[in-house]
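Below: run.cif (mmCIF, C-alpha atoms)
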data_upload
loop_
_atom_site.label_atom_id
_atom_site.label_comp_id
_atom_site.auth_asym_id
_atom_site.auth_seq_id
_atom_site.Cartn_x
_atom_site.Cartn_y
_atom_site.Cartn_z
CA MET A 1 -18.80 -0.23 -16.23
CA SER A 2 -20.27 1.11 -19.41
CA GLY A 3 -20.71 4.44 -21.01
CA CYS A 4 -20.60 6.56 -24.08
CA LEU A 5 -17.03 6.95 -25.29
CA GLY A 6 -15.91 10.49 -25.92
CA VAL A 7 -15.90 11.13 -29.59
CA LEU A 8 -13.22 13.36 -30.91
CA LEU A 9 -15.51 13.84 -33.61
CA PRO A 10 -18.59 13.22 -31.70
CA ALA A 11 -19.75 11.22 -29.30
CA ALA A 12 -21.46 11.97 -32.20
CA SER A 13 -21.87 14.56 -34.64
CA LEU A 14 -22.85 16.38 -37.61
CA LEU A 15 -26.05 16.59 -39.51
CA TRP A 16 -28.83 14.03 -39.42
CA ALA A 17 -29.97 14.26 -43.00
CA LEU A 18 -30.91 10.70 -43.84
CA PRO A 19 -34.54 9.86 -44.64
CA ALA A 20 -36.54 7.53 -42.43
CA ALA A 21 -35.88 4.46 -44.59
CA ALA A 22 -32.22 5.24 -45.32
CA VAL A 23 -29.76 2.48 -46.02
CA SER A 24 -26.99 1.89 -43.53
CA ALA A 25 -24.35 4.60 -43.17
CA LEU A 26 -21.78 1.86 -42.47
CA SER A 27 -20.07 1.68 -45.86
CA ALA A 28 -17.00 -0.30 -44.72
CA TRP A 29 -15.14 -1.27 -41.57
CA ARG A 30 -11.83 -2.91 -40.69
CA ILE A 31 -9.92 -3.89 -37.54
CA SER A 32 -6.21 -3.89 -38.29
CA ALA A 33 -3.74 -6.41 -36.88
CA ASP A 34 -2.50 -3.80 -34.39
CA GLY A 35 -5.99 -3.18 -33.02
CA VAL A 36 -7.24 -0.09 -34.82
CA LEU A 37 -10.88 0.07 -35.91
CA GLU A 38 -11.48 2.09 -39.08
CA LEU A 39 -14.81 3.06 -40.61
CA ARG A 40 -15.97 4.60 -43.86
CA THR A 41 -19.35 6.35 -43.90
CA PRO A 42 -21.12 8.91 -46.08
CA PRO A 43 -20.06 12.48 -45.29
CA ALA A 44 -22.07 14.20 -42.55
CA THR A 45 -22.82 10.94 -40.74
CA LYS A 46 -23.53 10.91 -37.02
CA VAL A 47 -21.78 8.12 -35.10
CA GLN A 48 -22.07 7.29 -31.39
CA ALA A 49 -19.62 5.02 -29.58
CA PHE A 50 -20.26 3.08 -26.36
CA PHE A 51 -18.26 0.84 -24.04
CA GLU A 52 -19.29 -1.93 -21.64
CA GLU A 53 -16.89 -3.65 -19.29
CA GLY A 54 -16.84 -7.45 -19.28
CA GLN A 55 -17.70 -9.55 -16.28
CA GLY A 56 -17.71 -13.23 -15.47
CA GLY A 57 -17.23 -15.19 -18.65
CA VAL A 58 -18.15 -12.27 -20.90
CA GLY A 59 -15.50 -9.99 -22.32
CA PRO A 60 -15.75 -6.23 -22.76
CA ARG A 61 -17.43 -4.82 -25.82
CA ILE A 62 -17.53 -1.61 -27.81
CA TRP A 63 -20.42 -0.75 -30.07
CA LEU A 64 -21.08 2.04 -32.53
CA ASP A 65 -24.51 3.24 -33.66
CA LEU A 66 -24.93 4.75 -37.12
CA PRO A 67 -28.03 5.95 -38.97
CA GLY A 68 -29.74 3.78 -41.55
CA ALA A 69 -30.67 0.10 -41.54
CA PRO A 70 -28.32 -2.71 -42.60
CA GLN A 71 -29.51 -4.97 -45.40
CA ARG A 72 -28.92 -7.95 -43.15
CA THR A 73 -27.74 -8.65 -39.62
CA ARG A 74 -24.67 -10.85 -39.30
CA THR A 75 -21.92 -12.13 -37.03
CA ILE A 76 -18.27 -12.25 -38.10
CA ARG A 77 -15.94 -14.60 -36.30
CA GLY A 78 -13.00 -12.76 -34.75
CA SER A 79 -9.39 -13.62 -34.02
CA GLY A 80 -6.83 -12.75 -31.39
CA ALA A 81 -8.35 -10.53 -28.69
CA VAL A 82 -11.52 -10.01 -30.74
CA ARG A 83 -14.07 -12.76 -30.12
CA GLU A 84 -16.55 -11.65 -32.76
CA VAL A 85 -17.97 -8.65 -34.60
CA ARG A 86 -21.72 -8.24 -35.06
CA VAL A 87 -23.69 -5.98 -37.35
CA GLY A 88 -27.18 -5.52 -35.95
CA ARG A 89 -30.34 -3.49 -36.29
CA PRO A 90 -31.48 -2.24 -32.85
CA SER A 91 -34.14 -0.06 -34.47
CA ASP A 92 -35.66 0.49 -37.90
CA ASN A 93 -33.21 3.26 -38.71
CA THR A 94 -30.05 2.27 -36.86
CA THR A 95 -27.04 0.12 -37.67
CA ARG A 96 -25.08 -1.21 -34.68
CA LEU A 97 -21.50 -2.45 -35.11
CA VAL A 98 -20.50 -4.46 -32.02
CA VAL A 99 -16.91 -5.51 -31.33
CA GLU A 100 -16.89 -8.13 -28.56
CA PHE A 101 -13.54 -9.00 -27.01
CA ARG A 102 -12.48 -12.22 -25.37
CA PRO A 103 -12.89 -12.55 -21.59
CA GLY A 104 -9.91 -11.11 -19.74
CA THR A 105 -9.12 -8.46 -22.37
CA ARG A 106 -8.24 -5.26 -20.53
CA LEU A 107 -9.42 -2.04 -22.15
CA ASP A 108 -9.17 1.47 -20.76
CA PRO A 109 -12.23 3.44 -21.93
CA ARG A 110 -10.57 6.70 -20.91
CA SER A 111 -8.01 6.30 -23.68
CA ILE A 112 -10.35 5.03 -26.41
CA ARG A 113 -11.64 7.78 -28.66
CA LEU A 114 -13.54 7.73 -31.93
CA VAL A 115 -11.76 10.22 -34.15
CA GLY A 116 -12.97 11.71 -37.41
CA THR A 117 -9.90 11.57 -39.64
CA GLN A 118 -11.66 12.80 -42.79
CA VAL A 119 -15.20 13.86 -43.64
CA ASP A 120 -16.02 10.20 -44.31
CA ARG A 121 -13.40 8.29 -42.31
CA TRP A 122 -13.24 7.32 -38.63
CA SER A 123 -10.62 5.68 -36.45
CA MET A 124 -10.54 4.14 -32.96
CA GLU A 125 -7.45 2.64 -31.31
CA PHE A 126 -8.25 -0.16 -28.85
CA GLY A 127 -4.82 -0.11 -27.18
CA SER A 128 -1.91 -2.48 -26.71
CA ALA A 129 -4.11 -5.27 -25.27
CA VAL A 130 -5.73 -5.86 -28.66
CA ARG A 131 -3.70 -7.62 -31.33
CA LEU A 132 -4.98 -9.79 -34.18
CA PRO A 133 -3.18 -12.40 -36.32
CA SER A 134 -4.55 -10.59 -39.35
CA ALA A 135 -6.97 -7.79 -40.17
CA LEU A 136 -10.69 -8.43 -40.48
CA GLY A 137 -13.46 -6.34 -41.92
CA GLU A 138 -16.03 -5.74 -44.63
CA GLY A 139 -16.07 -3.42 -47.61
CA THR A 140 -13.39 -1.17 -49.06
CA LEU A 141 -12.15 1.64 -46.86
CA GLU A 142 -10.31 3.33 -49.71
CA ALA A 143 -13.39 3.77 -51.90
CA PRO A 144 -14.15 7.46 -52.46
CA SER A 145 -17.24 8.94 -50.89
CA SER A 146 -19.09 11.43 -53.03
CA PRO A 147 -20.01 14.19 -53.05
CA SER A 148 -17.24 15.94 -51.18
CA TRP A 149 -18.81 17.71 -48.21
CA ARG A 150 -18.05 20.55 -45.90
CA ALA A 151 -20.59 22.07 -43.55
CA LEU A 152 -21.46 25.70 -44.06
CA PRO A 153 -19.98 28.06 -41.45
CA PRO A 154 -22.37 29.07 -38.67
CA PRO A 155 -24.20 32.34 -39.33
CA PHE A 156 -22.64 34.12 -36.34
CA LEU A 157 -19.01 33.46 -35.42
CA GLY A 158 -18.37 36.15 -32.83
CA VAL A 159 -18.32 35.98 -29.06
CA PRO A 160 -21.67 37.21 -27.67
CA ASN A 161 -21.40 40.57 -25.91
CA THR A 162 -24.81 40.77 -24.29
CA ALA A 163 -25.03 41.80 -20.66
CA ILE A 164 -24.33 39.14 -18.06
CA PRO A 165 -27.37 38.64 -15.77
CA ASN A 166 -27.12 39.85 -12.20
CA LEU A 167 -27.30 37.38 -9.33
CA ALA A 168 -30.61 38.94 -8.30
CA ASP A 169 -32.08 37.89 -11.65
CA LEU A 170 -31.44 34.19 -11.07
CA PRO A 171 -34.44 32.05 -10.08
CA ASP A 172 -35.04 31.68 -6.34
CA VAL A 173 -35.28 28.37 -4.46
CA PRO A 174 -35.70 27.79 -0.72
CA ALA A 175 -32.35 28.44 0.95
CA GLY A 176 -30.73 25.38 2.50
CA ARG A 177 -33.17 22.93 0.97
CA TYR A 178 -31.14 21.52 -1.93
CA LYS A 179 -27.78 19.83 -2.37
CA VAL A 180 -26.12 19.61 -5.79
CA VAL A 181 -22.98 17.80 -7.00
CA ILE A 182 -21.03 19.50 -9.79
CA ASP A 183 -18.48 17.32 -11.59
CA PRO A 184 -15.83 19.15 -13.66
CA GLY A 185 -14.75 16.52 -16.20
CA HIS A 186 -11.16 15.27 -16.53
CA GLY A 187 -8.33 17.03 -14.65
CA GLY A 188 -4.66 16.71 -13.74
CA PRO A 189 -2.77 14.47 -16.18
CA ASP A 190 -6.00 13.95 -18.12
CA PRO A 191 -6.73 17.30 -19.82
CA GLY A 192 -9.61 15.88 -21.84
CA ALA A 193 -9.89 17.19 -25.38
CA VAL A 194 -7.38 19.72 -26.74
CA GLY A 195 -8.68 22.06 -29.41
CA ILE A 196 -7.90 25.15 -31.46
CA ASN A 197 -4.91 27.16 -30.18
CA GLY A 198 -4.30 24.49 -27.55
CA LEU A 199 -7.56 25.16 -25.70
CA ARG A 200 -7.87 22.39 -23.10
CA GLU A 201 -11.18 20.94 -22.02
CA THR A 202 -10.13 20.71 -18.37
CA ASP A 203 -9.36 24.44 -18.16
CA VAL A 204 -12.74 25.37 -19.59
CA VAL A 205 -14.81 22.99 -17.48
CA LEU A 206 -13.07 23.71 -14.18
CA ASP A 207 -13.53 27.46 -14.60
CA VAL A 208 -17.20 27.11 -15.51
CA SER A 209 -17.85 24.52 -12.79
CA LEU A 210 -16.36 26.68 -10.02
CA GLN A 211 -18.49 29.60 -11.16
CA VAL A 212 -21.63 27.44 -11.30
CA ALA A 213 -20.93 26.33 -7.74
CA GLN A 214 -20.50 29.92 -6.59
CA LEU A 215 -23.71 31.03 -8.29
CA LEU A 216 -25.75 28.20 -6.78
CA GLN A 217 -24.31 28.85 -3.33
CA SER A 218 -25.34 32.49 -3.63
CA LYS A 219 -28.94 31.23 -4.00
CA GLY A 220 -28.74 29.05 -0.90
CA VAL A 221 -27.94 25.75 -2.60
CA GLN A 222 -25.35 23.49 -0.98
CA VAL A 223 -22.77 22.47 -3.60
CA LEU A 224 -20.24 19.64 -3.61
CA LEU A 225 -17.54 19.56 -6.30
CA THR A 226 -15.81 16.34 -7.37
CA ARG A 227 -12.64 18.39 -7.85
CA THR A 228 -11.67 22.02 -7.29
CA SER A 229 -8.20 22.00 -8.87
CA GLU A 230 -6.15 20.24 -11.55
CA VAL A 231 -6.13 16.78 -10.04
CA ASP A 232 -6.99 13.41 -11.51
CA VAL A 233 -10.18 11.89 -10.13
CA ASP A 234 -11.29 8.52 -11.47
CA LEU A 235 -14.91 7.98 -12.45
CA PRO A 236 -16.01 5.65 -9.58
CA PRO A 237 -14.96 8.14 -6.83
CA ARG A 238 -16.95 10.87 -8.56
CA VAL A 239 -20.03 8.67 -8.50
CA ALA A 240 -19.38 7.54 -4.92
CA LEU A 241 -19.15 11.13 -3.69
CA ALA A 242 -22.49 11.90 -5.29
CA ASN A 243 -24.26 8.76 -4.11
CA ASN A 244 -22.98 9.11 -0.53
CA SER A 245 -23.88 12.80 -0.25
CA GLY A 246 -27.67 12.58 -0.45
CA ALA A 247 -27.59 15.12 -3.28
CA ASP A 248 -30.72 16.18 -5.15
CA LEU A 249 -28.98 16.18 -8.52
CA PHE A 250 -25.65 15.55 -10.24
CA LEU A 251 -24.23 17.45 -13.21
CA SER A 252 -21.02 16.59 -15.05
CA ILE A 253 -19.65 19.46 -17.14
CA HIS A 254 -17.58 18.85 -20.29
CA ALA A 255 -16.54 20.34 -23.64
CA ASN A 256 -16.74 18.32 -26.83
CA ALA A 257 -14.10 17.78 -29.51
CA LEU A 258 -13.59 16.53 -33.03
CA SER A 259 -10.55 16.34 -35.22
CA LEU A 260 -8.85 19.71 -35.70
CA SER A 261 -9.54 19.21 -39.40
CA ARG A 262 -13.27 19.57 -38.70
CA PRO A 263 -13.77 23.12 -37.36
CA ASP A 264 -17.14 23.13 -39.10
CA VAL A 265 -18.58 20.87 -36.38
CA ASN A 266 -20.01 22.85 -33.47
CA GLY A 267 -22.92 22.57 -31.09
CA ILE A 268 -24.27 22.08 -27.59
CA GLU A 269 -25.74 18.87 -26.18
CA THR A 270 -26.78 17.44 -22.82
CA PHE A 271 -27.07 13.76 -21.95
CA TYR A 272 -29.19 11.84 -19.47
CA PHE A 273 -29.28 8.09 -18.83
CA GLN A 274 -32.96 7.58 -18.19
CA GLY A 275 -36.09 9.65 -18.69
CA GLY A 276 -38.11 11.27 -15.92
CA ARG A 277 -36.31 13.79 -13.74
CA SER A 278 -32.91 13.29 -15.36
CA GLN A 279 -34.41 14.11 -18.73
CA LEU A 280 -36.11 17.23 -17.31
CA LEU A 281 -32.79 18.33 -15.79
CA ALA A 282 -30.96 17.82 -19.09
CA GLN A 283 -33.63 19.70 -21.05
CA ALA A 284 -33.55 22.63 -18.64
CA ILE A 285 -29.76 22.97 -18.87
CA GLN A 286 -29.71 22.47 -22.64
CA SER A 287 -32.27 25.21 -23.17
CA GLU A 288 -30.35 27.74 -21.09
CA MET A 289 -26.97 26.97 -22.69
CA LEU A 290 -28.40 27.44 -26.17
CA ALA A 291 -29.97 30.75 -25.20
CA ILE A 292 -26.60 32.39 -24.49
CA SER A 293 -24.80 31.00 -27.56
CA PRO A 294 -26.44 32.39 -30.72
CA GLY A 295 -25.82 30.30 -33.81
CA SER A 296 -24.75 27.17 -31.91
CA PRO A 297 -26.32 24.02 -33.37
CA ASP A 298 -28.77 22.36 -30.99
CA ARG A 299 -27.51 18.78 -30.67
CA GLY A 300 -30.27 18.07 -28.19
CA ALA A 301 -30.95 16.73 -24.74
CA ARG A 302 -30.74 13.00 -25.35
CA PRO A 303 -29.95 9.62 -23.80
CA GLY A 304 -26.34 8.64 -23.14
CA ARG A 305 -24.54 5.90 -21.26
CA PHE A 306 -21.72 7.82 -19.62
CA PHE A 307 -20.55 6.09 -16.45
CA VAL A 308 -21.10 9.10 -14.19
CA ILE A 309 -24.75 9.53 -15.16
CA ARG A 310 -25.51 5.82 -15.43
CA ARG A 311 -24.24 4.93 -11.96
CA THR A 312 -25.50 7.91 -9.96
CA THR A 313 -28.68 7.31 -7.98
CA MET A 314 -30.13 10.83 -8.19
CA PRO A 315 -31.29 12.78 -11.27
CA ALA A 316 -28.15 13.30 -13.34
CA ALA A 317 -27.03 14.94 -16.57
CA LEU A 318 -23.82 15.50 -18.52
CA ALA A 319 -23.48 18.83 -20.35
CA GLU A 320 -21.25 19.37 -23.41
CA MET A 321 -20.84 23.15 -23.68
CA GLY A 322 -19.47 23.16 -27.24
CA PHE A 323 -16.52 21.91 -29.30
CA VAL A 324 -13.01 23.08 -28.42
CA THR A 325 -12.23 22.15 -32.04
CA GLY A 326 -15.12 24.16 -33.50
CA GLN A 327 -14.67 27.46 -35.34
CA LEU A 328 -17.72 28.88 -33.57
CA ASP A 329 -17.46 27.19 -30.16
CA SER A 330 -13.71 27.32 -29.49
CA PRO A 331 -13.26 31.12 -29.41
CA ARG A 332 -16.29 31.38 -27.19
CA LEU A 333 -15.13 28.74 -24.74
CA ALA A 334 -11.72 30.45 -24.61
CA ASP A 335 -13.32 33.77 -23.68
CA PRO A 336 -13.72 34.44 -19.92
CA SER A 337 -16.86 36.54 -20.39
CA PHE A 338 -18.53 33.78 -22.40
CA ARG A 339 -17.59 31.20 -19.80
CA ARG A 340 -19.26 33.45 -17.21
CA ARG A 341 -22.42 33.52 -19.36
CA MET A 342 -22.25 29.75 -19.71
CA ALA A 343 -21.90 29.34 -15.93
CA VAL A 344 -24.91 31.57 -15.37
CA ALA A 345 -26.89 29.63 -17.96
CA ILE A 346 -26.11 26.29 -16.34
CA ALA A 347 -26.91 27.65 -12.89
CA VAL A 348 -30.22 29.03 -14.17
CA GLY A 349 -31.07 25.66 -15.73
CA ILE A 350 -30.39 23.90 -12.43
CA LEU A 351 -32.39 26.43 -10.42
CA LYS A 352 -35.34 26.26 -12.82
CA TYR A 353 -35.29 22.49 -12.56
CA LEU A 354 -35.21 22.58 -8.76
CA ALA A 355 -38.06 25.07 -8.69
CA ALA A 356 -40.16 23.02 -11.09
CA VAL A 357 -39.44 19.59 -9.58
CA PRO A 358 -39.26 20.16 -5.81
#

Represent the supplied structure as structure tokens.
Amino acid sequence: MSGCLGVLLPAASLLWALPAAAVSALSAWRISADGVLELRTPPATKVQAFFEEGQGGVGPRIWLDLPGAPQRTRTIRGSGAVREVRVGRPSDNTTRLVVEFRPGTRLDPRSIRLVGTQVDRWSMEFGSAVRLPSALGEGTLEAPSSPSWRALPPPFLGVPNTAIPNLADLPDVPAGRYKVVIDPGHGGPDPGAVGINGLRETDVVLDVSLQVAQLLQSKGVQVLLTRTSEVDVDLPPRVALANNSGADLFLSIHANALSLSRPDVNGIETFYFQGGRSQLLAQAIQSEMLAISPGSPDRGARPGRFFVIRRTTMPAALAEMGFVTGQLDSPRLADPSFRRRMAVAIAVGILKYLAAVP
């Protein structure tokens, strides 16, 4: 099992402002004795976190990709549950920090989150299974990062009040021809991210997902939902339902989050695992979501390794409708009329994809 770890700051985030030949954004890192990974980066750095489950004689691993190239690649011998840490260069403008654990180490990716604690600091707790005799790392975490940075507020902070499209205005597809699986993320005891004013990811995504299903059904599309209420559904059953259904596409619906101290981070993004039809699906949904959310940063339709889109056998995408911690996104996601617009947008993206790729 592998996938992109949810990032309470991003699975990623902020502005990509480094030049093509930028030095590594990894200024310092440390794994404490109680199993907490800490990073220091320049302000406004984008970080992505990924997880891969171990098998056979290979332990699980977590890796983080940051912009900029390291001066040198290297391997640092670990201790305790950490077998080794590697700093690599998977591309000319990427630094990869890999933490490989010893075989048999049990990690729960659902509870591992990369959190932005300050504009230039990050933290990830590995859990009780990871303990070290002593800390290991490189660089000085306490060194100040300059200049101090805060993103400018988005140009439009209100909730859009444009008219909601009528069902008759949605694209048409042949009735009864298509089957779609909609996956509302999280649920039950796992509320996902919790944002401004206690806004819970699960409440947003379930509402939008049920409306997307209703809209698609009104156009003659058969829809299967991985959950229809506040229940906990593990990731493998979600994938199994999709793979056993003969569906034409799979869409997992989520809301993003960062630290509550970072309301300046907002935006919409859609992930796909591989190119081809999955990429076309992600691009179609991304375009429609952006169209109904003026001022939202376009974080792109881009590759991701989330379990539910990596293991499904049909074209699949994972949509992040905005940040529940964002000063622009959170009030919108909390607003029922905006969630209706978002549901229509996602349904339109799906229908346009089905019409274009029969």

Residue members of the PyMOL selection byres ((chain A and resi 310) around 9) in the file shown, as a list in words | Ser2, Gly3, Tyr272, Phe273, Gln274, Gly304, Arg305, Phe306, Phe307, Val308, Ile309, Arg311, Thr312, Thr313 and Ala316 of chain A

Distance query region 125-127 of chain A at most 7 Å, all atoms listed in the file, self and fewer than 5 positions along chain excluded, as an NGL selection string = :A and (35-37 or 112)

Residues matched by the PyMOL selection byres ((chain A and resi 165-169) around 12), written as a list in words | Asn161, Thr162, Ala163, Ile164, Leu170, Pro171, Asp172, Gln211, Val212, Gln214, Leu215, Leu216, Gln217, Ser218, Lys219, Gly220, Ile292, Ser337, Arg340, Arg341, Met342, Ala343, Val344, Ala345, Ala347, Val348 and Leu351 of chain A

CA of Thr41 (chain A) and CA of Val265 (chain A), how far apart in Å?
-> 16.4 Å

Name the residues that the PyMOL selection byres ((chain A and resi 52-55) around 9) pulls out of this structure, and write them as a PDB file with C-alpha atoms, in the frame of the given file.
ATOM      1  CA  MET A   1     -18.800  -0.230 -16.230  1.00  0.00           C
ATOM      2  CA  SER A   2     -20.270   1.110 -19.410  1.00  0.00           C
ATOM      3  CA  GLY A   3     -20.710   4.440 -21.010  1.00  0.00           C
ATOM      4  CA  CYS A   4     -20.600   6.560 -24.080  1.00  0.00           C
ATOM      5  CA  PHE A  50     -20.260   3.080 -26.360  1.00  0.00           C
ATOM      6  CA  PHE A  51     -18.260   0.840 -24.040  1.00  0.00           C
ATOM      7  CA  GLY A  56     -17.710 -13.230 -15.470  1.00  0.00           C
ATOM      8  CA  GLY A  57     -17.230 -15.190 -18.650  1.00  0.00           C
ATOM      9  CA  VAL A  58     -18.150 -12.270 -20.900  1.00  0.00           C
ATOM     10  CA  GLY A  59     -15.500  -9.990 -22.320  1.00  0.00           C
ATOM     11  CA  PRO A  60     -15.750  -6.230 -22.760  1.00  0.00           C
ATOM     12  CA  ARG A  61     -17.430  -4.820 -25.820  1.00  0.00           C
ATOM     13  CA  ILE A  62     -17.530  -1.610 -27.810  1.00  0.00           C
ATOM     14  CA  TRP A  63     -20.420  -0.750 -30.070  1.00  0.00           C
ATOM     15  CA  PHE A 101     -13.540  -9.000 -27.010  1.00  0.00           C
ATOM     16  CA  ARG A 102     -12.480 -12.220 -25.370  1.00  0.00           C
ATOM     17  CA  PRO A 103     -12.890 -12.550 -21.590  1.00  0.00           C
ATOM     18  CA  GLY A 104      -9.910 -11.110 -19.740  1.00  0.00           C
ATOM     19  CA  THR A 105      -9.120  -8.460 -22.370  1.00  0.00           C
ATOM     20  CA  ARG A 106      -8.240  -5.260 -20.530  1.00  0.00           C
ATOM     21  CA  LEU A 107      -9.420  -2.040 -22.150  1.00  0.00           C
ATOM     22  CA  PRO A 109     -12.230   3.440 -21.930  1.00  0.00           C
TER      23      PRO A 109
END

Have a look at A:Ala33, A:Val98, A:Val119, A:Leu333 and name the one nearest to Thr202 (chain A); count only C-alpha atoms.
->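 Of A:Ala33, A:Val98, A:Val119, A:Leu333, the one nearest Thr202 (chain A), counting only C-alpha atoms, is A:Leu333.
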
Calculate how many Å separate CA of Val99 (chain A) from CA of Val85 (chain A), rounding to one decimal.
->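 These atoms are spaced 4.7 Å apart.
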
Nearest to Leu235 (chain A): which of A:Gly185, A:Pro191, A:Gly322, A:Pro90 is it, counting only C-alpha atoms?
-> A:Gly185

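Distances from A:Val204, A:Met124, A:Ile346, A:Ala81 to Ser111 (chain A) were compared using all atoms listed in the file, and the smallest one belongs to A:Met124.
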
Between CA of Ser259 (chain A) and CA of Thr226 (chain A), what is the spacing in Å?
->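 Between CA of Thr226 (chain A) and CA of Ser259 (chain A) the gap works out to 28.3 Å.
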
Tell me which of A:Gly80, A:Gly137, A:Gly68, A:Gly275 sits closest to Ala301 (chain A), counting all atoms listed in the file.
->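 Looking only at the distances to Ala301 (chain A), the closest residue turns out to be A:Gly275.
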
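Nearest-residue note for Gln118 (chain A): choosing from A:Leu258, A:Val221, A:Leu97, A:Val82, the minimum distance belongs to A:Leu258, counting all atoms listed in the file.
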
Leaving out Ala28 (chain A) and any residue of its chain fewer than 5 positions from it, which residues lie within 12 Å of it when counting only C-alpha atoms, given as JSON, numbers by chain?
-> {"A": [37, 38, 39, 40, 41, 42, 70, 87, 97, 120, 121, 122, 136, 137, 138, 139, 140, 141, 142, 143, 144, 145]}

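Comparing A:Pro336, A:Gly188, A:Gly300, A:Gly246 by their smallest distance to Val233 (chain A), the closest is A:Gly188 (using only C-alpha atoms).
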
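The list of residues with at least one atom within 10 Å of Leu290 (chain A), based on all atoms listed in the file and without residues fewer than 3 positions apart in the same chain, reads Gly267, Ile268, Glu269, Ile285, Gln286, Ser287, Ser293, Pro294, Gly295, Ser296, Pro297, Asp298, Arg299, Gly300, Met321, Gly322, Met342 and Ala345 of chain A.
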